[in-house]
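Peer 1: This one is model-v3.cif, mmCIF, C-alpha atoms and all ligand atoms.
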```cif
data_input
loop_
_atom_site.label_atom_id
_atom_site.label_comp_id
_atom_site.auth_asym_id
_atom_site.auth_seq_id
_atom_site.Cartn_x
_atom_site.Cartn_y
_atom_site.Cartn_z
CA MET A 9 43.19 104.29 124.67
CA HIS A 10 46.58 103.78 123.08
CA ALA A 11 47.35 107.50 123.17
CA HIS A 12 46.17 107.71 126.77
CA ALA A 13 48.55 104.90 127.83
CA LYS A 14 51.39 106.70 126.09
CA TRP A 15 50.75 109.95 127.99
CA LYS A 16 50.38 108.02 131.23
CA SER A 17 53.73 106.35 130.66
CA LEU A 18 55.39 109.70 129.90
CA PHE A 19 53.83 111.22 133.03
CA ILE A 20 55.21 108.41 135.22
CA GLY A 21 58.59 108.79 133.54
CA VAL A 22 58.69 112.50 134.41
CA LEU A 23 57.67 111.73 138.00
CA VAL A 24 60.51 109.20 138.33
CA LEU A 25 62.94 111.76 136.93
CA ILE A 26 61.82 114.46 139.39
CA SER A 27 62.01 111.99 142.25
CA ALA A 28 65.53 110.87 141.26
CA THR A 29 66.72 114.47 140.97
CA ALA A 30 65.30 115.37 144.37
CA HIS A 31 66.93 112.29 145.88
CA GLY A 32 70.27 113.31 144.43
CA GLU A 33 70.10 116.64 146.21
CA ILE A 34 69.54 115.10 149.63
CA TRP A 35 72.70 115.56 151.69
CA GLU A 36 73.64 112.08 152.84
CA LEU A 37 75.92 111.77 155.82
CA PRO A 38 78.83 109.34 156.02
CA ASP A 39 78.37 106.42 158.40
CA MET A 40 80.94 106.45 161.23
CA ASP A 41 80.71 102.67 161.74
CA LEU A 42 81.03 101.69 158.08
CA SER A 43 83.67 104.27 157.15
CA THR A 44 87.20 103.09 157.91
CA ALA A 45 90.75 104.43 157.93
CA GLU A 46 93.94 102.41 157.99
CA MET A 47 97.67 102.95 157.88
CA ALA A 48 99.82 101.29 155.24
CA TYR A 49 102.02 99.95 158.06
CA GLN A 50 100.17 97.07 159.72
CA GLY A 51 102.70 96.22 162.43
CA PRO A 52 102.25 96.46 166.20
CA GLU A 53 104.35 99.59 166.84
CA THR A 54 103.23 103.21 167.12
CA LEU A 55 104.91 105.10 164.28
CA THR A 56 106.27 108.63 164.59
CA LEU A 57 106.17 111.34 161.93
CA MET A 58 108.37 114.40 162.44
CA ILE A 59 106.53 117.49 161.23
CA THR A 60 107.87 121.03 160.80
CA PRO A 61 106.24 124.48 160.59
CA ASP A 62 107.22 124.81 156.92
CA GLY A 63 105.93 121.37 155.93
CA THR A 64 109.28 119.97 154.84
CA GLY A 65 109.60 117.46 157.66
CA GLY A 66 108.78 114.41 155.62
CA TYR A 67 106.00 112.43 154.02
CA PHE A 68 103.83 109.92 155.84
CA THR A 69 105.78 107.30 153.88
CA THR A 70 108.90 108.11 155.92
CA ALA A 71 107.61 107.69 159.48
CA ARG A 72 109.71 105.71 161.96
CA THR A 73 109.15 102.88 164.37
CA PRO A 74 110.25 103.44 168.01
CA SER A 75 113.57 101.77 167.17
CA GLY A 76 114.17 103.96 164.10
CA MET A 77 113.08 101.76 161.18
CA ILE A 78 111.44 103.67 158.30
CA ALA A 79 107.77 102.69 157.93
CA ASP A 80 104.86 103.86 155.77
CA ALA A 81 102.28 105.72 157.85
CA THR A 82 100.16 106.77 154.85
CA ILE A 83 96.53 106.89 156.03
CA THR A 84 93.79 105.81 153.63
CA LEU A 85 90.15 106.64 154.36
CA HIS A 86 87.22 104.68 152.91
CA LEU A 87 84.16 106.87 153.29
CA ARG A 88 80.86 104.98 153.19
CA ASP A 89 77.20 105.87 153.63
CA VAL A 90 74.63 104.14 155.85
CA VAL A 91 74.20 101.22 153.43
CA GLY A 92 77.96 100.80 152.97
CA ASP A 93 78.22 102.40 149.54
CA PRO A 94 81.31 104.53 148.79
CA MET A 95 80.75 108.28 149.18
CA ALA A 96 82.42 109.79 146.13
CA PHE A 97 83.58 113.42 145.82
CA PHE A 98 83.10 114.20 149.49
CA PRO A 99 84.90 117.52 150.23
CA ARG A 100 88.23 117.15 151.99
CA GLU A 101 87.49 120.26 154.05
CA ASP A 102 85.07 118.12 156.09
CA ILE A 103 87.67 115.43 156.82
CA TRP A 104 90.65 115.80 159.14
CA ILE A 105 93.05 114.13 161.56
CA GLN A 106 93.90 115.26 165.08
CA SER A 107 94.71 113.83 168.47
CA GLU A 108 91.77 113.47 170.84
CA ASP A 109 93.16 116.22 173.08
CA ARG A 110 94.07 118.38 170.06
CA ASP A 111 97.65 118.95 171.17
CA ILE A 112 99.28 118.86 167.74
CA ALA A 113 99.74 122.48 166.71
CA PHE A 114 98.98 122.39 162.99
CA CYS A 115 99.76 125.67 161.18
CA GLY A 116 96.25 125.87 159.71
CA ILE A 117 93.12 123.77 159.38
CA PHE A 118 94.03 122.84 155.82
CA ASP A 119 97.09 121.04 157.18
CA LEU A 120 94.79 118.49 158.80
CA TRP A 121 92.92 117.70 155.61
CA PRO A 122 93.62 114.72 153.34
CA GLU A 123 95.25 115.25 149.94
CA THR A 124 92.04 115.28 147.90
CA ASP A 125 88.27 115.04 148.03
CA THR A 126 87.19 111.39 148.08
CA ASP A 127 87.45 109.72 144.66
CA TRP A 128 84.93 107.54 142.78
CA ASP A 129 85.55 104.76 145.31
CA GLY A 130 84.98 107.05 148.31
CA MET A 131 88.72 107.01 149.06
CA THR A 132 91.20 109.68 150.05
CA TYR A 133 94.54 109.65 151.88
CA TRP A 134 97.13 111.58 153.88
CA LEU A 135 100.58 111.58 152.32
CA GLN A 136 102.40 114.90 152.62
CA GLY A 137 103.66 115.91 156.03
CA PRO A 138 101.44 118.61 157.51
CA ARG A 139 102.88 121.96 158.61
CA GLY A 140 102.94 122.17 162.36
CA GLY A 141 104.67 121.63 165.66
CA GLY A 142 104.22 120.36 169.19
CA PHE A 143 104.21 116.67 169.99
CA HIS A 144 101.75 113.89 170.57
CA GLU A 145 102.50 110.26 171.41
CA GLY A 146 99.40 108.96 169.65
CA PRO A 147 96.98 107.73 168.73
CA ILE A 148 95.39 109.80 165.97
CA VAL A 149 91.68 110.09 165.24
CA VAL A 150 90.03 110.64 161.85
CA TYR A 151 87.11 113.06 162.02
CA VAL A 152 84.38 113.58 159.44
CA ILE A 153 82.13 116.59 160.02
CA PHE A 154 83.09 116.73 163.72
CA ASP A 155 82.37 113.02 164.31
CA ALA A 156 85.18 110.56 164.99
CA LEU A 157 85.27 107.25 163.14
CA SER A 158 83.96 104.48 165.42
CA GLN A 159 87.00 102.28 164.86
CA ALA A 160 90.08 102.23 167.10
CA PRO A 161 92.32 105.32 166.62
CA LEU A 162 95.45 105.00 164.48
CA ALA A 163 98.79 104.25 166.14
CA LEU A 164 100.63 107.33 164.87
CA SER A 165 102.53 109.94 166.88
CA PHE A 166 104.02 113.29 165.93
CA ASN A 167 106.97 115.35 167.09
CA SER A 168 108.65 118.43 165.70
CA PRO A 169 111.73 120.66 166.10
CA ASP A 170 109.06 123.24 167.05
CA ILE A 171 108.82 121.37 170.34
CA SER A 172 106.83 124.07 172.12
CA GLY A 173 104.27 124.14 169.29
CA ASN A 174 104.24 127.93 168.99
CA GLY A 175 104.67 127.82 165.19
CA TYR A 176 108.40 128.64 165.10
CA VAL A 177 111.61 126.73 165.64
CA SER A 178 113.45 129.01 168.04
CA LEU A 179 115.81 129.19 171.00
CA GLY A 180 112.95 128.26 173.29
CA ASP A 181 112.83 124.86 171.58
CA VAL A 182 116.58 124.49 172.00
CA ALA A 183 116.14 125.07 175.74
CA ILE A 184 113.50 122.33 175.97
CA PHE A 185 115.69 120.04 173.90
CA ALA A 186 118.77 120.71 176.05
CA GLY A 187 116.80 119.77 179.15
CA ASP A 188 115.85 116.43 177.58
CA PHE A 189 119.31 115.90 176.10
CA PHE A 190 120.99 116.16 179.49
CA GLY A 191 118.06 114.81 181.49
CA ALA A 192 115.64 111.91 181.28
CA TYR A 193 114.55 110.60 177.86
CA HIS A 194 111.53 112.40 176.45
CA PHE A 195 109.73 111.43 173.24
CA ARG A 196 109.30 115.08 172.19
CA SER A 197 113.06 115.53 171.70
CA ASP A 198 113.67 112.18 169.97
CA LEU A 199 113.44 114.02 166.64
CA HIS A 200 115.41 111.39 164.76
CA ARG A 201 113.17 108.76 166.27
CA ASP A 202 115.12 105.74 167.49
CA GLY A 203 114.54 105.55 171.23
CA VAL A 204 117.56 107.58 172.30
CA ILE A 205 118.37 111.28 172.35
CA ASN A 206 121.81 112.00 170.95
CA LEU A 207 123.55 114.21 168.40
CA SER A 208 121.42 112.92 165.49
CA ASP A 209 118.43 114.58 167.16
CA VAL A 210 120.21 117.95 167.15
CA THR A 211 120.27 117.98 163.33
CA PRO A 212 116.54 118.74 162.80
CA LEU A 213 116.78 121.59 165.31
CA ALA A 214 119.73 123.06 163.40
CA VAL A 215 118.18 122.52 159.96
CA TRP A 216 114.80 124.08 160.79
CA MET A 217 116.01 126.77 163.21
CA GLY A 218 114.24 130.05 162.44
CA ARG A 219 111.56 128.43 160.26
CA GLY A 220 107.95 129.22 161.02
CA CYS A 221 104.43 128.57 159.85
CA GLU A 222 104.50 131.48 157.41
CA CA A 301 116.95 109.92 168.41
#
```
Take the structure in this file and express it as structure tokens.
Ligand SMILES: [Ca+2]
Peer 2:
Amino acid sequence: MHAHAKWKSLFIGVLVLISATAHGEIWELPDMDLSTAEMAYQGPETLTLMITPDGTGGYFTTARTPSGMIADATITLHLRDVVGDPMAFFPREDIWIQSEDRDIAFCGIFDLWPETDTDWDGMTYWLQGPRGGGFHEGPIVVYVIFDALSQAPLALSFNSPDISGNGYVSLGDVAIFAGDFFGAYHFRSDLHRDGVINLSDVTPLAVWMGRGCE
């Protein structure tokens, strides 16, 4: 009887092991209600990040408020499963930011991704300025496998010396800028974001003239 009990116990142990292994291979999906993303800046304003086709426009840490104050727009994502547990090592390729109408012209899909796969705590973040152009007055949505997070979108806007969003800073952008410079205020040309369009907004156009996505 003793030997029988021993074999029975081993058998159950193997069953538990098989079950646990099978469970580990089940692809669990993140929960869009329990997963959350927030910006470091917690104030009431919509921040603006100037992006460029070559990715040298600035980090999320150097976004600006509408009046021109530097503010930290770093986005941190907490990815959680249906019971609220962190989802570790989730691939960053399945996570991205975009406007709801997709009017930010990122140079490639990898420019929308966060810096890393999620870590042990199910966390990842956006820090480096993506390569891209066009403009969008916000807000920004975080998507995970084509689903948007349920929470309110993030109050972040983008503009770029590639105003037209064709992937290059060129004379066409200068023409758009000139129209805004001499005409009514337009967010897209407030490249040195401070609520007015003046000579300081010409600088990014001059610095990045001729630069493109490649
Ligand atoms: Ca300005």
Peer 1: When you draw a straight line from atom CA of A:Leu199 to atom CA of A:Ser172, how long is it in Å?
Peer 2: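 It comes out at 13.2 Å.
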Peer 1: Tell me, in Å to one decimal, how far atom CA of A:Phe185 is from atom CA of A:Phe118.
Peer 2: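 Distance reported for this atom pair: 28.4 Å.
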Peer 1: Residues within 9 Å of ligand CA 301 (chain A), counting all atoms listed in the file: report them as a list in words.
Peer 2: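 The distance check yields Ser75, Gly76, Phe195, Ser197, Asp198, Leu199, His200, Arg201, Asp202, Gly203, Val204, Ile205, Asn206, Leu207, Ser208, Asp209 and Val210 of chain A.
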Peer 1: Grab the residues selected above and save them as a compact mmCIF listing (two decimals), keeping the file's coordinate frame with C-alpha atoms.
Peer 2:
```
# COMPACT_ATOMS: atom_id res chain seq x y z
CA SER A 75 113.57 101.77 167.17
CA GLY A 76 114.17 103.96 164.10
CA PHE A 195 109.73 111.43 173.24
CA SER A 197 113.06 115.53 171.70
CA ASP A 198 113.67 112.18 169.97
CA LEU A 199 113.44 114.02 166.64
CA HIS A 200 115.41 111.39 164.76
CA ARG A 201 113.17 108.76 166.27
CA ASP A 202 115.12 105.74 167.49
CA GLY A 203 114.54 105.55 171.23
CA VAL A 204 117.56 107.58 172.30
CA ILE A 205 118.37 111.28 172.35
CA ASN A 206 121.81 112.00 170.95
CA LEU A 207 123.55 114.21 168.40
CA SER A 208 121.42 112.92 165.49
CA ASP A 209 118.43 114.58 167.16
CA VAL A 210 120.21 117.95 167.15
```
Peer 1: Determine, counting all atoms listed in the file, which protein, DNA and RNA residues have an atom within 7 Å of an atom of A:Arg196; residues of the same chain fewer than 5 positions away are not included. Present the result as a list in words.
Peer 2: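 The contact residues come out as Phe143, Asn167 and Ile171 of chain A.
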Peer 1: List every residue of stretch 28-92 of chain A that has an atom at most 10 Å from any atom of stretch 100-105 of chain A, giving for each one its closest atom pair and the distance in Å to one decimal, counting only C-alpha atoms, sorted by chain and then by ascending residue number, as CSV.
Peer 2:
```
residue,atom,partner,partner_atom,distance
A:Ile83,CA,A:Ile105,CA,9.8
A:Leu85,CA,A:Ile103,CA,9.5
A:Leu87,CA,A:Ile103,CA,9.9
```
Peer 1: Rank nothing, just name the residue among A:Asp80, A:Asp93, A:Glu53, A:Asp155 nearest to A:Met40, using all atoms listed in the file.
Peer 2: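 Of all the options, A:Asp155 lies closest to A:Met40.
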Peer 1: Could you pull the residues within 6 Å of A:Pro61, counting all atoms listed in the file, minus those fewer than 6 positions along the same chain, as a list in words?
Peer 2: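 Contacts, in chain order: Arg139, Gly140, Gly175, Gly220 and Cys221 of chain A.
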Peer 1: What is the atom CA of A:Pro161 to atom CA of A:Met47 distance in Å?
Peer 2: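 Interatomic distance, atom CA of A:Pro161 to atom CA of A:Met47: 10.5 Å.
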Peer 1: Taking into account only C-alpha atoms, which residue in the set A:Leu162, A:Ala186, A:Met217, A:Leu179 is nearest to A:Gln50?
Peer 2: A:Leu162
Peer 1: Return the single residue from A:Asp89, A:Asp181, A:Asp129, A:Glu145 that is closest to A:Arg110, with distances computed using only C-alpha atoms.
Peer 2: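 Of A:Asp89, A:Asp181, A:Asp129, A:Glu145, the one nearest A:Arg110, counting only C-alpha atoms, is A:Glu145.
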Peer 1: Pick out the residues sitting within 8 Å of A:Ser165, and hand them over as a list of chain:residue names; count all atoms listed in the file, and ignore anything fewer than 4 positions along from it in its own chain.
Peer 2: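 Within the cut-off, the hits are A:Thr54, A:Leu55, A:Thr56, A:Leu57, A:Phe143, A:His144, A:Glu145, A:Gly146, A:Pro147, A:Ile148.
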Peer 1: Rank A:Gly63, A:Ser107, A:Tyr133, A:Phe97 by their smallest atom-to-atom distance to A:Asp119, using all atoms listed in the file, and report the top residue only.
Peer 2: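 Closest to A:Asp119 of all the choices is A:Gly63.
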Peer 1: Near A:Asp41, within 6 Å and counting all atoms listed in the file, which residues show up once chain neighbours fewer than 2 positions away are dropped, as a list of chain:residue names?
Peer 2: A:Asp39, A:Ser43, A:Ser158
Peer 1: Just C-alpha atoms for this one: save the residues we selected as a PDB file, in the coordinates of the input.
Peer 2:
```
ATOM      1  CA  ASP A  39      78.370 106.420 158.400  1.00  0.00           C
ATOM      2  CA  SER A  43      83.670 104.270 157.150  1.00  0.00           C
ATOM      3  CA  SER A 158      83.960 104.480 165.420  1.00  0.00           C
TER       4      SER A 158
END
```
Peer 1: Can you fill out stretch 141-152 of chain A with all heavy atoms and hand it back as an mmCIF file, in the coordinates of the input?
Peer 2:
```cif
data_model
loop_
_atom_site.group_PDB
_atom_site.id
_atom_site.type_symbol
_atom_site.label_atom_id
_atom_site.label_comp_id
_atom_site.auth_asym_id
_atom_site.auth_seq_id
_atom_site.Cartn_x
_atom_site.Cartn_y
_atom_site.Cartn_z
ATOM 1 N N GLY A 141 103.701 121.895 164.613
ATOM 2 C CA GLY A 141 104.670 121.630 165.660
ATOM 3 C C GLY A 141 103.998 120.992 166.861
ATOM 4 O O GLY A 141 102.877 120.516 166.778
ATOM 5 N N GLY A 142 104.720 121.032 167.999
ATOM 6 C CA GLY A 142 104.220 120.360 169.190
ATOM 7 C C GLY A 142 104.530 118.875 169.118
ATOM 8 O O GLY A 142 105.279 118.421 168.255
ATOM 9 N N PHE A 143 103.971 118.121 170.015
ATOM 10 C CA PHE A 143 104.210 116.670 169.990
ATOM 11 C C PHE A 143 102.997 115.951 170.563
ATOM 12 O O PHE A 143 102.218 116.513 171.337
ATOM 13 C CB PHE A 143 105.467 116.306 170.800
ATOM 14 C CG PHE A 143 105.403 116.703 172.252
ATOM 15 C CD1 PHE A 143 104.980 115.797 173.219
ATOM 16 C CD2 PHE A 143 105.747 117.992 172.658
ATOM 17 C CE1 PHE A 143 104.912 116.175 174.559
ATOM 18 C CE2 PHE A 143 105.674 118.367 173.994
ATOM 19 C CZ PHE A 143 105.259 117.454 174.948
ATOM 20 N N HIS A 144 102.852 114.720 170.117
ATOM 21 C CA HIS A 144 101.750 113.890 170.570
ATOM 22 C C HIS A 144 102.155 112.435 170.400
ATOM 23 O O HIS A 144 102.589 112.042 169.329
ATOM 24 C CB HIS A 144 100.480 114.194 169.773
ATOM 25 C CG HIS A 144 99.338 113.313 170.141
ATOM 26 N ND1 HIS A 144 98.665 113.453 171.327
ATOM 27 C CD2 HIS A 144 98.774 112.263 169.510
ATOM 28 C CE1 HIS A 144 97.727 112.525 171.404
ATOM 29 N NE2 HIS A 144 97.779 111.795 170.311
ATOM 30 N N GLU A 145 102.027 111.646 171.457
ATOM 31 C CA GLU A 145 102.500 110.260 171.410
ATOM 32 C C GLU A 145 101.479 109.286 170.831
ATOM 33 O O GLU A 145 101.653 108.082 170.885
ATOM 34 C CB GLU A 145 102.965 109.829 172.802
ATOM 35 C CG GLU A 145 104.164 110.664 173.262
ATOM 36 C CD GLU A 145 104.887 110.075 174.465
ATOM 37 O OE1 GLU A 145 105.249 108.888 174.417
ATOM 38 O OE2 GLU A 145 105.070 110.806 175.448
ATOM 39 N N GLY A 146 100.401 109.798 170.296
ATOM 40 C CA GLY A 146 99.400 108.960 169.650
ATOM 41 C C GLY A 146 98.336 108.511 170.637
ATOM 42 O O GLY A 146 98.495 108.715 171.832
ATOM 43 N N PRO A 147 97.252 107.951 170.142
ATOM 44 C CA PRO A 147 96.980 107.730 168.730
ATOM 45 C C PRO A 147 96.307 108.945 168.065
ATOM 46 O O PRO A 147 96.138 109.981 168.699
ATOM 47 C CB PRO A 147 96.015 106.537 168.766
ATOM 48 C CG PRO A 147 95.253 106.734 170.038
ATOM 49 C CD PRO A 147 96.228 107.358 171.014
ATOM 50 N N ILE A 148 95.984 108.742 166.790
ATOM 51 C CA ILE A 148 95.390 109.800 165.970
ATOM 52 C C ILE A 148 93.967 109.382 165.569
ATOM 53 O O ILE A 148 93.714 108.217 165.292
ATOM 54 C CB ILE A 148 96.254 109.976 164.689
ATOM 55 C CG1 ILE A 148 97.611 110.579 165.051
ATOM 56 C CG2 ILE A 148 95.545 110.835 163.659
ATOM 57 C CD1 ILE A 148 97.524 111.958 165.648
ATOM 58 N N VAL A 149 93.083 110.360 165.561
ATOM 59 C CA VAL A 149 91.680 110.090 165.240
ATOM 60 C C VAL A 149 91.347 110.743 163.897
ATOM 61 O O VAL A 149 91.823 111.835 163.595
ATOM 62 C CB VAL A 149 90.755 110.651 166.343
ATOM 63 C CG1 VAL A 149 89.295 110.378 166.017
ATOM 64 C CG2 VAL A 149 91.129 110.056 167.700
ATOM 65 N N VAL A 150 90.546 110.052 163.094
ATOM 66 C CA VAL A 150 90.030 110.640 161.850
ATOM 67 C C VAL A 150 88.621 111.148 162.118
ATOM 68 O O VAL A 150 87.769 110.407 162.613
ATOM 69 C CB VAL A 150 90.013 109.616 160.701
ATOM 70 C CG1 VAL A 150 89.370 110.220 159.448
ATOM 71 C CG2 VAL A 150 91.428 109.141 160.387
ATOM 72 N N TYR A 151 88.412 112.431 161.821
ATOM 73 C CA TYR A 151 87.110 113.060 162.020
ATOM 74 C C TYR A 151 86.456 113.369 160.674
ATOM 75 O O TYR A 151 87.140 113.761 159.727
ATOM 76 C CB TYR A 151 87.248 114.383 162.787
ATOM 77 C CG TYR A 151 87.715 114.218 164.216
ATOM 78 C CD1 TYR A 151 89.062 114.242 164.533
ATOM 79 C CD2 TYR A 151 86.794 114.037 165.244
ATOM 80 C CE1 TYR A 151 89.496 114.089 165.841
ATOM 81 C CE2 TYR A 151 87.221 113.892 166.562
ATOM 82 C CZ TYR A 151 88.575 113.917 166.851
ATOM 83 O OH TYR A 151 89.005 113.769 168.145
ATOM 84 N N VAL A 152 85.151 113.189 160.622
ATOM 85 C CA VAL A 152 84.380 113.580 159.440
ATOM 86 C C VAL A 152 83.192 114.392 159.947
ATOM 87 O O VAL A 152 82.365 113.893 160.702
ATOM 88 C CB VAL A 152 83.882 112.351 158.646
ATOM 89 C CG1 VAL A 152 83.145 112.797 157.382
ATOM 90 C CG2 VAL A 152 85.036 111.425 158.287
#
```
